[in-house]
>>> print(open('work.cif').read())   # mmCIF, C-alpha atoms, pLDDT in the B column; chains and numbers go by the auth columns
data_target
loop_
_atom_site.group_PDB
_atom_site.id
_atom_site.type_symbol
_atom_site.label_atom_id
_atom_site.label_comp_id
_atom_site.label_asym_id
_atom_site.label_seq_id
_atom_site.Cartn_x
_atom_site.Cartn_y
_atom_site.Cartn_z
_atom_site.B_iso_or_equiv
_atom_site.auth_seq_id
_atom_site.auth_asym_id
ATOM 1 C CA MET A 1 -4.185 -35.733 17.061 44.00 1473 B
ATOM 2 C CA GLY A 2 -4.805 -34.748 13.473 40.00 1474 B
ATOM 3 C CA ASN A 3 -1.898 -32.292 13.428 36.00 1475 B
ATOM 4 C CA TYR A 4 0.625 -35.098 13.671 34.00 1476 B
ATOM 5 C CA HIS A 5 -0.505 -38.404 12.235 37.00 1477 B
ATOM 6 C CA LEU A 6 2.530 -40.519 12.955 37.00 1478 B
ATOM 7 C CA PRO A 7 1.589 -43.652 11.007 36.00 1479 B
ATOM 8 C CA THR A 8 2.286 -41.840 7.743 35.00 1480 B
ATOM 9 C CA THR A 9 5.951 -41.760 8.739 34.00 1481 B
ATOM 10 C CA LEU A 10 5.906 -45.544 8.384 36.00 1482 B
ATOM 11 C CA SER A 11 4.331 -45.498 4.930 35.00 1483 B
ATOM 12 C CA ALA A 12 5.009 -48.758 3.109 36.00 1484 B
ATOM 13 C CA ALA A 13 7.573 -49.758 5.733 39.00 1485 B
ATOM 14 C CA PRO A 14 9.020 -53.198 4.981 40.00 1486 B
ATOM 15 C CA LYS A 15 8.536 -56.004 7.480 48.00 1487 B
ATOM 16 C CA HIS A 16 12.264 -56.630 7.935 49.00 1488 B
ATOM 17 C CA PRO A 17 12.742 -56.320 11.735 50.00 1489 B
ATOM 18 C CA ALA A 18 15.776 -54.021 11.700 49.00 1490 B
ATOM 19 C CA THR A 19 14.286 -51.718 9.076 49.00 1491 B
ATOM 20 C CA LEU A 20 10.927 -51.572 10.811 51.00 1492 B
ATOM 21 C CA ARG A 21 12.541 -50.854 14.173 51.00 1493 B
ATOM 22 C CA LYS A 22 14.549 -48.035 12.566 49.00 1494 B
ATOM 23 C CA ALA A 23 11.342 -46.610 11.120 50.00 1495 B
ATOM 24 C CA LEU A 24 9.732 -46.690 14.572 55.00 1496 B
ATOM 25 C CA PHE A 25 12.648 -44.847 16.116 50.00 1497 B
ATOM 26 C CA CYS A 26 12.354 -42.228 13.363 51.00 1498 B
ATOM 27 C CA ALA A 27 8.660 -41.898 14.201 51.00 1499 B
ATOM 28 C CA ALA A 28 9.575 -41.407 17.852 52.00 1500 B
ATOM 29 C CA ALA A 29 12.041 -38.680 16.909 50.00 1501 B
ATOM 30 C CA LEU A 30 9.336 -36.983 14.845 50.00 1502 B
ATOM 31 C CA PHE A 31 6.947 -37.208 17.786 53.00 1503 B
ATOM 32 C CA LEU A 32 9.445 -35.386 20.001 49.00 1504 B
ATOM 33 C CA SER A 33 10.018 -32.687 17.400 50.00 1505 B
ATOM 34 C CA LEU A 34 6.274 -32.168 17.021 51.00 1506 B
ATOM 35 C CA LEU A 35 5.867 -31.974 20.772 48.00 1507 B
ATOM 36 C CA SER A 36 8.322 -29.104 20.829 45.00 1508 B
ATOM 37 C CA GLY A 37 6.025 -27.308 18.405 50.00 1509 B
ATOM 38 C CA CYS A 38 3.126 -27.612 20.856 50.00 1510 B
ATOM 39 C CA ALA A 39 4.876 -25.618 23.565 43.00 1511 B
ATOM 40 C CA SER A 40 4.794 -21.856 23.253 40.00 1512 B
ATOM 41 C CA SER A 41 6.218 -19.110 25.405 37.00 1513 B
ATOM 42 C CA PRO A 42 3.997 -16.351 26.894 36.00 1514 B
ATOM 43 C CA ASN A 43 4.756 -14.047 23.958 40.00 1515 B
ATOM 44 C CA GLY A 44 3.576 -16.698 21.489 42.00 1516 B
ATOM 45 C CA SER A 45 6.940 -17.874 20.216 38.00 1517 B
ATOM 46 C CA LYS A 46 7.904 -21.536 20.388 41.00 1518 B
ATOM 47 C CA GLN A 47 10.108 -22.671 23.224 40.00 1519 B
ATOM 48 C CA GLN A 48 13.475 -24.030 22.200 41.00 1520 B
ATOM 49 C CA ASN A 49 14.396 -27.508 23.393 41.00 1521 B
ATOM 50 C CA THR A 50 16.935 -27.570 26.202 39.00 1522 B
ATOM 51 C CA ALA A 51 20.145 -29.470 25.532 36.00 1523 B
ATOM 52 C CA SER A 52 19.281 -31.983 28.246 43.00 1524 B
ATOM 53 C CA ALA A 53 15.624 -32.965 28.422 46.00 1525 B
ATOM 54 C CA ILE A 54 14.100 -33.284 31.868 46.00 1526 B
ATOM 55 C CA THR A 55 12.451 -36.586 32.723 48.00 1527 B
ATOM 56 C CA ALA A 56 8.698 -36.202 32.950 47.00 1528 B
ATOM 57 C CA GLU A 57 7.020 -38.437 35.516 57.00 1529 B
ATOM 58 C CA PRO A 58 4.737 -40.207 35.396 66.00 1530 B
ATOM 59 C CA THR A 59 4.869 -41.548 31.863 89.00 1531 B
ATOM 60 C CA TYR A 60 1.766 -40.739 29.852 94.00 1532 B
ATOM 61 C CA LEU A 61 -0.136 -42.434 27.063 95.00 1533 B
ATOM 62 C CA VAL A 62 -1.846 -40.533 24.257 95.00 1534 B
ATOM 63 C CA ILE A 63 -4.938 -42.255 22.844 96.00 1535 B
ATOM 64 C CA ASP A 64 -6.282 -40.956 19.538 95.00 1536 B
ATOM 65 C CA ARG A 65 -9.868 -42.031 18.814 95.00 1537 B
ATOM 66 C CA SER A 66 -10.430 -39.736 15.829 94.00 1538 B
ATOM 67 C CA LYS A 67 -10.826 -42.607 13.336 95.00 1539 B
ATOM 68 C CA PRO A 68 -13.649 -45.139 13.725 96.00 1540 B
ATOM 69 C CA PHE A 69 -11.623 -47.933 12.107 97.00 1541 B
ATOM 70 C CA VAL A 70 -8.516 -47.657 14.293 97.00 1542 B
ATOM 71 C CA THR A 71 -7.522 -46.280 17.682 97.00 1543 B
ATOM 72 C CA THR A 72 -3.932 -45.090 17.967 95.00 1544 B
ATOM 73 C CA TYR A 73 -1.784 -45.358 21.102 96.00 1545 B
ATOM 74 C CA ILE A 74 1.465 -43.437 21.675 95.00 1546 B
ATOM 75 C CA ARG A 75 3.519 -43.649 24.871 94.00 1547 B
ATOM 76 C CA VAL A 76 4.942 -40.230 25.641 92.00 1548 B
ATOM 77 C CA PRO A 77 8.736 -40.449 26.090 89.00 1549 B
ATOM 78 C CA LYS A 78 9.986 -39.775 29.606 84.00 1550 B
ATOM 79 C CA THR A 79 12.745 -37.558 28.243 84.00 1551 B
ATOM 80 C CA ILE A 80 10.523 -34.734 27.033 84.00 1552 B
ATOM 81 C CA SER A 81 10.874 -31.313 28.615 85.00 1553 B
ATOM 82 C CA PRO A 82 8.233 -29.843 30.940 88.00 1554 B
ATOM 83 C CA GLU A 83 7.415 -27.298 28.222 89.00 1555 B
ATOM 84 C CA GLN A 84 6.774 -30.065 25.692 87.00 1556 B
ATOM 85 C CA LEU A 85 4.581 -31.958 28.136 88.00 1557 B
ATOM 86 C CA ALA A 86 2.590 -28.840 28.947 90.00 1558 B
ATOM 87 C CA GLY A 87 2.093 -28.180 25.250 90.00 1559 B
ATOM 88 C CA LEU A 88 0.944 -31.748 24.667 90.00 1560 B
ATOM 89 C CA LYS A 89 -1.554 -31.547 27.534 91.00 1561 B
ATOM 90 C CA GLU A 90 -2.967 -28.333 26.103 92.00 1562 B
ATOM 91 C CA HIS A 91 -3.237 -29.874 22.640 91.00 1563 B
ATOM 92 C CA VAL A 92 -5.066 -32.939 23.981 91.00 1564 B
ATOM 93 C CA ARG A 93 -7.450 -30.751 25.993 92.00 1565 B
ATOM 94 C CA ASN A 94 -8.373 -28.983 22.748 92.00 1566 B
ATOM 95 C CA THR A 95 -8.809 -32.257 20.825 92.00 1567 B
ATOM 96 C CA PRO A 96 -11.999 -34.023 21.944 91.00 1568 B
ATOM 97 C CA SER A 97 -11.104 -37.247 20.140 93.00 1569 B
ATOM 98 C CA SER A 98 -7.861 -37.625 22.111 94.00 1570 B
ATOM 99 C CA SER A 99 -7.012 -38.284 25.732 95.00 1571 B
ATOM 100 C CA LEU A 100 -3.886 -38.322 27.867 95.00 1572 B
ATOM 101 C CA GLU A 101 -3.741 -41.235 30.290 96.00 1573 B
ATOM 102 C CA ASN A 102 -1.335 -42.264 33.022 95.00 1574 B
ATOM 103 C CA PHE A 103 0.672 -45.108 31.519 96.00 1575 B
ATOM 104 C CA ALA A 104 0.773 -46.896 34.884 95.00 1576 B
ATOM 105 C CA ASP A 105 -3.032 -47.067 34.811 96.00 1577 B
ATOM 106 C CA PHE A 106 -2.878 -48.558 31.323 97.00 1578 B
ATOM 107 C CA GLU A 107 -0.295 -51.121 32.438 95.00 1579 B
ATOM 108 C CA ALA A 108 -2.488 -52.145 35.370 95.00 1580 B
ATOM 109 C CA LYS A 109 -5.585 -52.784 33.237 95.00 1581 B
ATOM 110 C CA PRO A 110 -4.729 -52.507 29.533 96.00 1582 B
ATOM 111 C CA SER A 111 -7.902 -54.268 28.373 95.00 1583 B
ATOM 112 C CA THR A 112 -9.915 -51.396 29.849 95.00 1584 B
ATOM 113 C CA TYR A 113 -8.405 -49.088 27.243 96.00 1585 B
ATOM 114 C CA VAL A 114 -8.507 -51.508 24.316 96.00 1586 B
ATOM 115 C CA ALA A 115 -11.507 -53.857 24.461 93.00 1587 B
ATOM 116 C CA ALA A 116 -14.099 -51.180 23.734 91.00 1588 B
ATOM 117 C CA VAL A 117 -12.491 -50.186 20.425 94.00 1589 B
ATOM 118 C CA ILE A 118 -12.697 -53.710 18.956 96.00 1590 B
ATOM 119 C CA LEU A 119 -16.065 -54.212 17.282 96.00 1591 B
ATOM 120 C CA ARG A 120 -15.334 -57.786 16.212 96.00 1592 B
ATOM 121 C CA ASN A 121 -12.246 -59.709 17.211 97.00 1593 B
ATOM 122 C CA ASP A 122 -10.980 -61.637 14.198 97.00 1594 B
ATOM 123 C CA TYR A 123 -7.787 -62.626 16.038 97.00 1595 B
ATOM 124 C CA ALA A 124 -9.177 -64.029 19.269 96.00 1596 B
ATOM 125 C CA GLU A 125 -6.386 -66.598 19.570 96.00 1597 B
ATOM 126 C CA ILE A 126 -3.806 -63.793 19.772 96.00 1598 B
ATOM 127 C CA ASP A 127 -3.250 -61.742 22.926 96.00 1599 B
ATOM 128 C CA THR A 128 -3.246 -58.429 21.066 96.00 1600 B
ATOM 129 C CA VAL A 129 -3.664 -56.415 24.266 96.00 1601 B
ATOM 130 C CA SER A 130 -0.480 -57.816 25.815 96.00 1602 B
ATOM 131 C CA GLY A 131 1.314 -57.378 22.514 97.00 1603 B
ATOM 132 C CA LEU A 132 0.269 -53.737 22.333 97.00 1604 B
ATOM 133 C CA GLN A 133 1.445 -53.170 25.885 97.00 1605 B
ATOM 134 C CA ALA A 134 4.833 -54.698 25.086 96.00 1606 B
ATOM 135 C CA LEU A 135 5.172 -52.527 21.966 96.00 1607 B
ATOM 136 C CA LEU A 136 4.379 -49.371 23.921 96.00 1608 B
ATOM 137 C CA GLU A 137 6.863 -50.311 26.627 94.00 1609 B
ATOM 138 C CA SER A 138 9.563 -50.976 24.029 93.00 1610 B
ATOM 139 C CA TYR A 139 9.006 -48.087 21.597 92.00 1611 B
ATOM 140 C CA ASP A 140 8.063 -44.830 23.243 88.00 1612 B
ATOM 141 C CA GLY A 141 7.001 -42.043 20.899 89.00 1613 B
ATOM 142 C CA ALA A 142 5.899 -44.476 18.163 91.00 1614 B
ATOM 143 C CA ALA A 143 2.271 -44.908 17.115 93.00 1615 B
ATOM 144 C CA PHE A 144 0.489 -48.259 17.280 96.00 1616 B
ATOM 145 C CA GLY A 145 -3.064 -48.664 16.068 96.00 1617 B
ATOM 146 C CA VAL A 146 -5.620 -51.232 17.194 98.00 1618 B
ATOM 147 C CA THR A 147 -8.044 -51.847 14.361 98.00 1619 B
ATOM 148 C CA TRP A 148 -11.800 -52.261 14.584 98.00 1620 B
ATOM 149 C CA ASN A 149 -11.410 -56.048 14.191 97.00 1621 B
ATOM 150 C CA GLY A 150 -8.580 -56.601 16.683 97.00 1622 B
ATOM 151 C CA GLY A 151 -5.642 -56.223 14.322 97.00 1623 B
ATOM 152 C CA LEU A 152 -2.569 -54.016 14.655 97.00 1624 B
ATOM 153 C CA ALA A 153 -1.773 -51.126 12.317 96.00 1625 B
ATOM 154 C CA LEU A 154 1.649 -49.519 12.010 94.00 1626 B
ATOM 155 C CA THR A 155 2.080 -48.437 8.406 91.00 1627 B
ATOM 156 C CA GLU A 156 -0.012 -46.192 6.206 91.00 1628 B
ATOM 157 C CA ASN A 157 -0.963 -49.277 4.195 93.00 1629 B
ATOM 158 C CA ASP A 158 -2.254 -50.904 7.394 95.00 1630 B
ATOM 159 C CA TYR A 159 -4.432 -47.876 8.122 95.00 1631 B
ATOM 160 C CA MET A 160 -5.795 -47.793 4.566 95.00 1632 B
ATOM 161 C CA TYR A 161 -6.610 -51.504 4.685 96.00 1633 B
ATOM 162 C CA SER A 162 -8.353 -51.113 8.037 97.00 1634 B
ATOM 163 C CA SER A 163 -10.384 -48.193 6.711 97.00 1635 B
ATOM 164 C CA ALA A 164 -11.502 -50.171 3.651 97.00 1636 B
ATOM 165 C CA THR A 165 -12.527 -53.236 5.649 97.00 1637 B
ATOM 166 C CA TYR A 166 -14.369 -51.096 8.196 98.00 1638 B
ATOM 167 C CA VAL A 167 -16.407 -49.401 5.454 97.00 1639 B
ATOM 168 C CA ALA A 168 -17.300 -52.804 3.985 96.00 1640 B
ATOM 169 C CA TYR A 169 -18.203 -54.127 7.445 97.00 1641 B
ATOM 170 C CA ARG A 170 -20.531 -51.202 8.076 96.00 1642 B
ATOM 171 C CA VAL A 171 -22.373 -51.988 4.836 96.00 1643 B
ATOM 172 C CA ASP A 172 -22.527 -55.752 5.347 96.00 1644 B
ATOM 173 C CA LYS A 173 -21.108 -57.386 8.469 93.00 1645 B
ATOM 174 C CA SER A 174 -20.707 -60.701 6.672 92.00 1646 B
ATOM 175 C CA ALA A 175 -18.793 -59.167 3.765 89.00 1647 B
ATOM 176 C CA VAL A 176 -15.484 -58.959 5.645 93.00 1648 B
ATOM 177 C CA THR A 177 -13.666 -62.075 6.775 92.00 1649 B
ATOM 178 C CA ARG A 178 -10.163 -62.653 8.025 92.00 1650 B
ATOM 179 C CA LYS A 179 -7.695 -63.559 5.268 92.00 1651 B
ATOM 180 C CA PRO A 180 -6.775 -67.247 5.472 91.00 1652 B
ATOM 181 C CA ASP A 181 -3.174 -66.518 4.487 93.00 1653 B
ATOM 182 C CA ARG A 182 -1.524 -64.497 7.230 93.00 1654 B
ATOM 183 C CA ARG A 183 1.076 -63.188 4.806 92.00 1655 B
ATOM 184 C CA ALA A 184 -1.677 -61.425 2.851 95.00 1656 B
ATOM 185 C CA ASP A 185 -3.180 -59.816 5.953 97.00 1657 B
ATOM 186 C CA PRO A 186 -1.662 -56.356 6.621 96.00 1658 B
ATOM 187 C CA VAL A 187 -3.104 -56.056 10.134 97.00 1659 B
ATOM 188 C CA HIS A 188 -2.500 -59.577 11.435 97.00 1660 B
ATOM 189 C CA PRO A 189 -1.084 -58.795 14.914 97.00 1661 B
ATOM 190 C CA ASN A 190 1.782 -61.275 14.780 96.00 1662 B
ATOM 191 C CA ASN A 191 3.004 -59.803 11.483 95.00 1663 B
ATOM 192 C CA HIS A 192 4.083 -56.834 13.603 95.00 1664 B
ATOM 193 C CA LEU A 193 4.654 -58.433 17.002 96.00 1665 B
ATOM 194 C CA GLU A 194 7.093 -61.080 15.848 95.00 1666 B
ATOM 195 C CA PRO A 195 9.566 -58.793 14.019 94.00 1667 B
ATOM 196 C CA LEU A 196 9.394 -56.035 16.644 94.00 1668 B
ATOM 197 C CA LEU A 197 9.297 -58.097 19.843 94.00 1669 B
ATOM 198 C CA GLY A 198 10.871 -61.363 18.746 92.00 1670 B
ATOM 199 C CA LYS A 199 7.875 -63.542 19.555 90.00 1671 B
ATOM 200 C CA ALA A 200 4.236 -64.183 18.758 90.00 1672 B
ATOM 201 C CA TYR A 201 1.419 -63.544 21.206 92.00 1673 B
#
>>> encode(input="work.cif", output="structure tokens")
Amino acid sequence: MGNYHLPTTLSAAPKHPATLRKALFCAAALFLSLLSGCASSPNGSKQQNTASAITAEPTYLVIDRSKPFVTTYIRVPKTISPEQLAGLKEHVRNTPSSSLENFADFEAKPSTYVAAVILRNDYAEIDTVSGLQALLESYDGAAFGVTWNGGLALTENDYMYSSATYVAYRVDKSAVTRKPDRRADPVHPNNHLEPLLGKAY
């Protein structure tokens, strides 16, 4: 999904719940606008959005596996037009690192789609999978990343931190350890789950 990397829209987003939620809704709006750019008419021009979007069923989940240090999940909003959905499907077909899944399948067995991307779980006491599912159910169109060590990445800073720790881990697996102070850990799952969902997992 390299053409629209949504986490950059949350660059340096503060952890204040209201501000972070607003940033996520802005990311969702950007996702919809980018989807409209995927859909083209037979003569090659972009389709214009209809005034009232048509509900697309079932709900889909985009999974972006293009980065080895984080896998990004985006629930496709139900209110996209058929043209937007068709354009998204075409884009995913042409992007080997991405897939489009039925969200109901993800809801039934979320660990199937998450466990394999975690190389080492540094947050085993936290139910990150359930937290991710709750985030996707609450914020459609927003991007949520699961890091290589079981953390959650929302902001550009989170992605940069995950990239740096992954590189260090690949060089020496013992070189990277979980930060003892949660406040200093950008990808600690509950640093995102608590302000966005109102509870820890």
>>> atom_distance(input="work.cif", atom1="atom CA of Val1548 of chain B", atom2="atom CA of Val1534 of chain B")
6.9 Å
>>> closest_residue(input="work.cif", among="B:Leu1668, B:Ala1587, B:Leu1533, B:Ile1546", to="Gly1622 of chain B", atoms="all atoms listed in the file")
B:Ala1587
>>> closest_residue(input="work.cif", among="B:Ser1583, B:Thr1619, B:Thr1627, B:Ser1602", to="Lys1671 of chain B", atoms="all atoms listed in the file")
B:Ser1602
>>> atom_distance(input="work.cif", atom1="atom CA of His1664 of chain B", atom2="atom CA of Ser1571 of chain B")
24.8 Å
>>> closest_residue(input="work.cif", among="B:Asp1599, B:Asp1630, B:Glu1579, B:Asp1644", to="Pro1658 of chain B", atoms="all atoms listed in the file")
B:Asp1630
>>> closest_residue(input="work.cif", among="B:Arg1565, B:Lys1539, B:Arg1547, B:Lys1645", to="Ala1606 of chain B", atoms="only C-alpha atoms")
B:Arg1547
>>> closest_residue(input="work.cif", among="B:Ser1553, B:Thr1600, B:Val1639, B:Trp1620", to="Asn1663 of chain B", atoms="only C-alpha atoms")
B:Thr1600
>>> residues_around(input="work.cif", residues="Ser1570 of chain B", least_positions_apart="4", cutoff="9 Å", atoms="all atoms listed in the file", output="number ranges by chain")
B: 1473, 1534-1538, 1564-1566
>>> atom_distance(input="work.cif", atom1="atom CA of Gly1670 of chain B", atom2="atom CA of Pro1540 of chain B")
29.8 Å
>>> closest_residue(input="work.cif", among="B:Leu1669, B:Val1601, B:Ala1596, B:Ala1576", to="Val1618 of chain B", atoms="all atoms listed in the file")
B:Val1601
>>> resolve_selection(input="work.cif", expression="the PyMOL selection byres ((chain B and resi 1616) around 12)", output="PyMOL selection string")
chain B and resi 1477-1480+1482+1496+1499-1500+1533-1536+1542-1547+1586+1600-1601+1603-1615+1617-1619+1623-1628+1630-1631+1659+1661+1664-1665+1668
>>> axis_aligned_box(input="work.cif", around="segment 1565-1577 of chain B", padding_each_side="4 Å", output="JSON")
{"center_x": -5.6, "center_y": -38.0, "center_z": 27.5, "size_x": 20.8, "size_y": 26.1, "size_z": 22.7}
